[in-house]
file run-v5.pdb (PDB, C-alpha atoms and all ligand atoms)
ATOM      1  CA  MET A   1       7.171 -13.134 -17.813
ATOM      2  CA  ASP A   2       4.169 -10.955 -18.614
ATOM      3  CA  ILE A   3       1.815  -9.675 -15.944
ATOM      4  CA  ARG A   4      -1.886  -9.293 -16.643
ATOM      5  CA  ASP A   5      -5.182  -9.172 -14.792
ATOM      6  CA  LEU A   6      -6.888 -12.418 -13.801
ATOM      7  CA  ARG A   7      -9.656 -13.149 -16.327
ATOM      8  CA  GLU A   8     -12.983 -14.910 -16.041
ATOM      9  CA  GLU A   9     -11.754 -17.863 -18.085
ATOM     10  CA  ASP A  10      -8.622 -18.406 -15.929
ATOM     11  CA  GLY A  11     -10.411 -20.246 -13.109
ATOM     12  CA  GLU A  12      -9.378 -23.825 -13.905
ATOM     13  CA  GLU A  13      -5.798 -22.909 -14.754
ATOM     14  CA  VAL A  14      -5.231 -20.754 -11.706
ATOM     15  CA  ARG A  15      -6.768 -23.354  -9.384
ATOM     16  CA  ALA A  16      -4.373 -25.930 -10.919
ATOM     17  CA  LEU A  17      -1.499 -23.560 -10.126
ATOM     18  CA  TRP A  18      -2.700 -23.263  -6.535
ATOM     19  CA  ARG A  19      -2.970 -27.060  -6.182
ATOM     20  CA  SER A  20       0.543 -27.563  -7.572
ATOM     21  CA  SER A  21       1.818 -24.804  -5.266
ATOM     22  CA  GLY A  22       0.413 -26.383  -2.128
ATOM     23  CA  ILE A  23      -2.159 -23.623  -1.591
ATOM     24  CA  ARG A  24      -5.145 -25.095   0.202
ATOM     25  CA  ALA A  25      -8.511 -24.726  -1.515
ATOM     26  CA  ARG A  26     -10.326 -21.861   0.168
ATOM     27  CA  PRO A  27     -13.815 -20.391   0.131
ATOM     28  CA  GLY A  28     -13.797 -17.849  -2.687
ATOM     29  CA  ASP A  29     -11.792 -19.948  -5.160
ATOM     30  CA  ASP A  30     -14.788 -20.734  -7.394
ATOM     31  CA  ASP A  31     -15.327 -18.892 -10.683
ATOM     32  CA  ALA A  32     -18.200 -16.726  -9.466
ATOM     33  CA  SER A  33     -16.291 -15.567  -6.384
ATOM     34  CA  LEU A  34     -13.128 -14.866  -8.358
ATOM     35  CA  GLY A  35     -15.167 -12.866 -10.871
ATOM     36  CA  ALA A  36     -16.655 -10.783  -8.057
ATOM     37  CA  LEU A  37     -13.210 -10.261  -6.530
ATOM     38  CA  VAL A  38     -11.758  -9.018  -9.810
ATOM     39  CA  SER A  39     -14.638  -6.658 -10.535
ATOM     40  CA  ARG A  40     -14.447  -5.140  -7.046
ATOM     41  CA  ASN A  41     -10.658  -4.820  -7.169
ATOM     42  CA  PRO A  42      -9.686  -3.843 -10.705
ATOM     43  CA  GLY A  43      -5.968  -4.208 -11.401
ATOM     44  CA  LEU A  44      -5.282  -5.904  -8.068
ATOM     45  CA  CYS A  45      -5.865  -9.561  -9.010
ATOM     46  CA  ILE A  46      -2.999 -10.462 -11.300
ATOM     47  CA  VAL A  47      -1.230 -13.416 -12.852
ATOM     48  CA  GLY A  48       2.219 -13.916 -14.322
ATOM     49  CA  THR A  49       2.286 -15.707 -17.679
ATOM     50  CA  GLU A  50       4.958 -17.274 -19.853
ATOM     51  CA  ASN A  51       3.929 -18.284 -23.373
ATOM     52  CA  GLU A  52       0.296 -17.676 -22.346
ATOM     53  CA  ARG A  53       0.592 -20.198 -19.482
ATOM     54  CA  ILE A  54      -0.185 -18.963 -15.972
ATOM     55  CA  VAL A  55       2.917 -19.451 -13.804
ATOM     56  CA  ALA A  56       2.147 -17.219 -10.834
ATOM     57  CA  SER A  57      -0.668 -15.390  -9.102
ATOM     58  CA  ALA A  58      -1.345 -12.698  -6.539
ATOM     59  CA  LEU A  59      -4.827 -11.569  -5.524
ATOM     60  CA  ALA A  60      -5.220  -8.335  -3.619
ATOM     61  CA  THR A  61      -8.103  -6.305  -2.292
ATOM     62  CA  PHE A  62      -8.483  -2.787  -0.903
ATOM     63  CA  ASP A  63     -11.426  -2.213   1.406
ATOM     64  CA  GLY A  64     -10.716   1.501   1.890
ATOM     65  CA  ARG A  65      -8.688   0.965   5.060
ATOM     66  CA  ARG A  66      -6.295  -1.930   4.431
ATOM     67  CA  GLY A  67      -5.020  -3.919   1.530
ATOM     68  CA  TRP A  68      -5.136  -7.708   1.782
ATOM     69  CA  LEU A  69      -3.118 -10.216  -0.202
ATOM     70  CA  TYR A  70      -4.264 -13.730  -1.044
ATOM     71  CA  HIS A  71      -2.956 -16.697  -3.042
ATOM     72  CA  VAL A  72       0.510 -15.446  -3.854
ATOM     73  CA  ALA A  73       1.971 -18.444  -5.643
ATOM     74  CA  THR A  74       4.693 -19.291  -8.116
ATOM     75  CA  HIS A  75       4.722 -22.563 -10.045
ATOM     76  CA  PRO A  76       7.280 -24.913  -8.437
ATOM     77  CA  GLU A  77       9.429 -24.941 -11.609
ATOM     78  CA  MET A  78       9.660 -21.130 -11.627
ATOM     79  CA  ARG A  79      10.669 -20.409  -8.062
ATOM     80  CA  ARG A  80      13.602 -18.324  -6.837
ATOM     81  CA  ARG A  81      13.678 -16.240 -10.011
ATOM     82  CA  GLY A  82      12.000 -13.177  -8.601
ATOM     83  CA  VAL A  83       8.573 -14.029 -10.009
ATOM     84  CA  ALA A  84       6.553 -13.516  -6.821
ATOM     85  CA  THR A  85       8.639 -10.434  -6.032
ATOM     86  CA  ARG A  86       7.514  -8.839  -9.313
ATOM     87  CA  LEU A  87       3.859  -9.590  -8.688
ATOM     88  CA  VAL A  88       3.919  -8.335  -5.109
ATOM     89  CA  HIS A  89       5.806  -5.168  -6.064
ATOM     90  CA  THR A  90       3.256  -4.524  -8.819
ATOM     91  CA  ILE A  91       0.409  -4.821  -6.334
ATOM     92  CA  GLU A  92       2.203  -2.666  -3.754
ATOM     93  CA  GLU A  93       2.659   0.108  -6.337
ATOM     94  CA  ARG A  94      -0.983  -0.052  -7.396
ATOM     95  CA  LEU A  95      -2.241  -0.042  -3.805
ATOM     96  CA  ARG A  96       0.025   2.883  -2.941
ATOM     97  CA  ALA A  97      -1.426   4.789  -5.892
ATOM     98  CA  LEU A  98      -4.910   4.100  -4.473
ATOM     99  CA  GLY A  99      -3.893   5.575  -1.114
ATOM    100  CA  CYS A 100      -3.748   2.250   0.721
ATOM    101  CA  PRO A 101      -1.596   2.748   3.850
ATOM    102  CA  LYS A 102      -0.992  -0.883   4.883
ATOM    103  CA  LEU A 103      -1.011  -4.306   3.290
ATOM    104  CA  ASN A 104      -1.861  -7.421   5.322
ATOM    105  CA  LEU A 105      -1.695 -11.123   4.631
ATOM    106  CA  ILE A 106      -2.096 -14.423   6.422
ATOM    107  CA  VAL A 107       0.455 -17.252   6.420
ATOM    108  CA  TRP A 108      -0.305 -20.766   7.689
ATOM    109  CA  ASP A 109       1.845 -21.395  10.732
ATOM    110  CA  ASP A 110       3.627 -24.389   9.123
ATOM    111  CA  ASN A 111       4.631 -22.487   5.967
ATOM    112  CA  GLU A 112       8.220 -21.579   6.769
ATOM    113  CA  ASP A 113       9.160 -20.968   3.113
ATOM    114  CA  ALA A 114       6.437 -18.357   2.790
ATOM    115  CA  MET A 115       7.581 -16.688   6.013
ATOM    116  CA  ARG A 116      11.114 -16.400   4.634
ATOM    117  CA  PHE A 117       9.713 -14.945   1.417
ATOM    118  CA  TRP A 118       7.623 -12.315   3.209
ATOM    119  CA  GLU A 119      10.510 -11.349   5.454
ATOM    120  CA  ALA A 120      12.740 -10.964   2.375
ATOM    121  CA  MET A 121      10.014  -8.715   0.923
ATOM    122  CA  GLY A 122      10.171  -6.434   3.960
ATOM    123  CA  TYR A 123       7.020  -7.670   5.717
ATOM    124  CA  GLN A 124       6.981  -7.986   9.479
ATOM    125  CA  ARG A 125       5.339 -10.695  11.552
ATOM    126  CA  ASP A 126       2.705  -9.097  13.775
ATOM    127  CA  ALA A 127       1.814 -10.208  17.286
ATOM    128  CA  THR A 128      -1.799 -10.833  16.368
ATOM    129  CA  VAL A 129      -3.998 -13.923  16.313
ATOM    130  CA  GLU A 130      -6.437 -14.498  13.497
ATOM    131  CA  TYR A 131     -10.070 -15.378  14.233
ATOM    132  CA  SER A 132     -12.583 -16.450  11.615
ATOM    133  CA  LYS A 133     -16.076 -17.834  11.241
ATOM    134  CA  ARG A 134     -17.574 -19.644   8.266
ATOM    135  CA  LEU A 135     -20.761 -17.915   7.152
ATOM    136  CA  ASP A 136     -21.408 -20.338   4.304
ATOM    137  CA  ALA A 137     -21.744 -23.441   6.504
ATOM    138  CA  THR A 138     -25.206 -24.894   7.042
TER
HETATM  139  C1  LIG B 201       6.446 -18.188  -1.435
HETATM  140  C2  LIG B 201       6.525 -18.157  -2.965
HETATM  141  C3  LIG B 201       5.315 -17.421  -3.517
HETATM  142  C4  LIG B 201       7.808 -17.424  -3.404
HETATM  143  O1  LIG B 201       7.806 -17.320  -4.802
HETATM  144  P1  LIG B 201       9.149 -17.081  -5.663
HETATM  145  O2  LIG B 201       8.717 -16.627  -7.003
HETATM  146  O3  LIG B 201      10.004 -18.280  -5.610
HETATM  147  O4  LIG B 201       9.817 -15.900  -4.840
HETATM  148  P2  LIG B 201      11.041 -14.954  -5.281
HETATM  149  O5  LIG B 201      11.902 -15.648  -6.284
HETATM  150  O6  LIG B 201      10.465 -13.631  -5.696
HETATM  151  O7  LIG B 201      11.822 -14.815  -3.899
HETATM  152  C5  LIG B 201      12.276 -13.571  -3.385
HETATM  153  C6  LIG B 201      13.101 -13.816  -2.139
HETATM  154  O8  LIG B 201      12.284 -14.408  -1.110
HETATM  155  C7  LIG B 201      13.062 -15.328  -0.344
HETATM  156  N1  LIG B 201      12.539 -16.678  -0.551
HETATM  157  C8  LIG B 201      11.656 -17.101  -1.494
HETATM  158  N2  LIG B 201      11.394 -18.418  -1.349
HETATM  159  C9  LIG B 201      12.145 -18.842  -0.302
HETATM  160  C10 LIG B 201      12.327 -20.101   0.328
HETATM  161  N3  LIG B 201      11.680 -21.201  -0.108
HETATM  162  N4  LIG B 201      13.177 -20.186   1.386
HETATM  163  C11 LIG B 201      13.847 -19.100   1.827
HETATM  164  N5  LIG B 201      13.714 -17.857   1.264
HETATM  165  C12 LIG B 201      12.878 -17.742   0.220
HETATM  166  C13 LIG B 201      14.492 -15.226  -0.894
HETATM  167  O9  LIG B 201      15.154 -14.215  -0.155
HETATM  168  C14 LIG B 201      14.231 -14.788  -2.318
HETATM  169  O10 LIG B 201      15.341 -14.124  -2.887
HETATM  170  P3  LIG B 201      16.581 -15.020  -3.464
HETATM  171  O11 LIG B 201      15.999 -16.083  -4.346
HETATM  172  O12 LIG B 201      17.399 -14.007  -4.227
HETATM  173  O13 LIG B 201      17.303 -15.592  -2.279
HETATM  174  C15 LIG B 201       6.592 -19.586  -3.555
HETATM  175  O14 LIG B 201       7.573 -20.344  -2.859
HETATM  176  C16 LIG B 201       5.290 -20.353  -3.494
HETATM  177  O15 LIG B 201       4.481 -20.294  -4.424
HETATM  178  N6  LIG B 201       5.071 -21.087  -2.405
HETATM  179  C17 LIG B 201       3.840 -21.899  -2.267
HETATM  180  C18 LIG B 201       2.626 -21.039  -2.069
HETATM  181  C19 LIG B 201       2.752 -20.178  -0.841
HETATM  182  O16 LIG B 201       3.132 -20.657   0.228
HETATM  183  N7  LIG B 201       2.421 -18.890  -0.994
HETATM  184  C20 LIG B 201       2.463 -17.936   0.095
HETATM  185  C21 LIG B 201       1.202 -17.985   0.864
HETATM  186  S1  LIG B 201       1.235 -16.834   2.229
END
call {"tool": "encode", "arguments": {"input": "run-v5.pdb", "output": "structure tokens", "more": "lines below"}}
Ligand SMILES: CC(C)(COP(=O)(O)OP(=O)(O)OC[C@H]1O[C@@H](n2cnc3c(N)ncnc32)[C@H](O)[C@@H]1OP(=O)(O)O)[C@@H](O)C(=O)NCCC(=O)NCCS
result
Amino acid sequence: MDIRDLREEDGEEVRALWRSSGIRARPGDDDASLGALVSRNPGLCIVGTENERIVASALATFDGRRGWLYHVATHPEMRRRGVATRLVHTIEERLRALGCPKLNLIVWDDNEDAMRFWEAMGYQRDATVEYSKRLDAT
């Protein structure tokens, strides 16, 4: 598998990966938002490819205080081969080089497989509750 940055023209393919991976469509998944994410976070929004086909993704940001991870996904046919591990380790190395001290992520509370993955990756479950508010709603 090769690892490269997410590109402007990847939108449809990466959204198809997210649908097939059970990742719920989220605000920010459209082409314009992904383009803005990539330009603000160079080298941190990456995909894994095999024969030019996108098989995995990991989007990360660094806001100067924390790193955040979004949409870590591996195509169902490619799982348990260390694919997501490679992407997450790549992002961790790049964030460390940027001086990022801590990397956060959110897991839906019914996603047991993802919890096992993050625990295997050395992430701890924090005793926090997430709050959010949609700013794009009318
Ligand atoms: C979670 C996910 C990204 C893992 O991708 P992956 O490429 O299969 O992960 P890896 O092969 O790198 O797994 C590394 C380790 O994590 C653990 N792990 C991964 N998936 C697991 C599962 N379904 N159940 C239990 N442990 C799991 C294992 O310890 C695994 O090592 P092993 O295969 O040697 O036992 C993938 O299952 C996925 O895309 N899920 C749907 C999308 C999703 O939920 N993303 C996370 C959002 S927070």
call {"tool": "atom_distance", "arguments": {"input": "run-v5.pdb", "atom1": "atom CA of A:Met121", "atom2": "atom CA of A:Gly48"}}
result
17.9 Å
call {"tool": "axis_aligned_box", "arguments": {"input": "run-v5.pdb", "around": "stretch 80-99 of chain A", "padding_each_side": "4 Å", "output": "AutoDock Vina command-line options"}}
result
--center_x 4.4 --center_y -6.4 --center_z -5.6 --size_x 26.6 --size_y 31.9 --size_z 16.9
call {"tool": "residues_around", "arguments": {"input": "run-v5.pdb", "residues": "stretch 8-24 of chain A", "least_positions_apart": "4", "cutoff": "8 Å", "atoms": "all atoms listed in the file", "output": "ChimeraX atom specification"}}
result
/A:29-31,34-35,54-57,71,73-76
call {"tool": "residues_near_ligand", "arguments": {"input": "run-v5.pdb", "ligand": "ligand LIG 201 (chain B)", "cutoff": "7 Å", "atoms": "all atoms listed in the file", "output": "VMD selection string"}}
result
chain A and resid 21 to 23 71 to 76 78 to 86 105 to 108 111 113 to 114 116 to 118 120 to 121
call {"tool": "closest_atom_pairs", "arguments": {"input": "run-v5.pdb", "of": "stretch 8-50 of chain A", "to": "stretch 129-134 of chain A", "cutoff": "12 Å", "atoms": "only C-alpha atoms", "output": "Markdown table"}}
result
| residue | atom | partner | partner_atom | distance |
| --- | --- | --- | --- | --- |
| A:Arg26 | CA | A:Arg134 | CA | 11.1 |
| A:Pro27 | CA | A:Arg134 | CA | 9.0 |
| A:Gly28 | CA | A:Arg134 | CA | 11.7 |
call {"tool": "atom_distance", "arguments": {"input": "run-v5.pdb", "atom1": "atom CA of A:Arg4", "atom2": "atom CA of A:Val47"}}
result
5.6 Å
call {"tool": "residues_around", "arguments": {"input": "run-v5.pdb", "residues": "A:Phe62", "least_positions_apart": "4", "cutoff": "10 Å", "atoms": "all atoms listed in the file", "output": "mmCIF file with C-alpha atoms, in the coordinates of the input"}}
result
data_model
loop_
_atom_site.group_PDB
_atom_site.id
_atom_site.type_symbol
_atom_site.label_atom_id
_atom_site.label_comp_id
_atom_site.auth_asym_id
_atom_site.auth_seq_id
_atom_site.Cartn_x
_atom_site.Cartn_y
_atom_site.Cartn_z
ATOM 1 C CA ARG A 40 -14.447 -5.140 -7.046
ATOM 2 C CA ASN A 41 -10.658 -4.820 -7.169
ATOM 3 C CA PRO A 42 -9.686 -3.843 -10.705
ATOM 4 C CA LEU A 44 -5.282 -5.904 -8.068
ATOM 5 C CA ARG A 66 -6.295 -1.930 4.431
ATOM 6 C CA GLY A 67 -5.020 -3.919 1.530
ATOM 7 C CA TRP A 68 -5.136 -7.708 1.782
ATOM 8 C CA LEU A 69 -3.118 -10.216 -0.202
ATOM 9 C CA LEU A 95 -2.241 -0.042 -3.805
ATOM 10 C CA LEU A 98 -4.910 4.100 -4.473
ATOM 11 C CA GLY A 99 -3.893 5.575 -1.114
ATOM 12 C CA CYS A 100 -3.748 2.250 0.721
ATOM 13 C CA LYS A 102 -0.992 -0.883 4.883
ATOM 14 C CA LEU A 103 -1.011 -4.306 3.290
#
call {"tool": "atom_distance", "arguments": {"input": "run-v5.pdb", "atom1": "atom CA of A:Glu112", "atom2": "atom CA of A:Arg125"}}
result
12.2 Å
call {"tool": "closest_residue", "arguments": {"input": "run-v5.pdb", "among": "A:Arg65, A:Met115, A:Ala127, A:Asp136", "to": "A:Pro101", "atoms": "only C-alpha atoms"}}
result
A:Arg65
call {"tool": "closest_residue", "arguments": {"input": "run-v5.pdb", "among": "A:Asp110, A:Asp63, A:Glu77, A:Asp5", "to": "A:Cys45", "atoms": "all atoms listed in the file"}}
result
A:Asp5
call {"tool": "closest_residue", "arguments": {"input": "run-v5.pdb", "among": "A:His89, A:Gly64, A:Tyr70, A:Asp2", "to": "A:Glu50", "atoms": "all atoms listed in the file"}}
result
A:Asp2
call {"tool": "closest_residue", "arguments": {"input": "run-v5.pdb", "among": "A:Ala60, A:Asp126, A:Leu135, A:Ala25", "to": "A:Glu93", "atoms": "only C-alpha atoms"}}
result
A:Ala60
call {"tool": "closest_residue", "arguments": {"input": "run-v5.pdb", "among": "A:Leu37, A:Ala137, A:Ile46, A:Ala58", "to": "A:Leu6", "atoms": "all atoms listed in the file"}}
result
A:Ile46
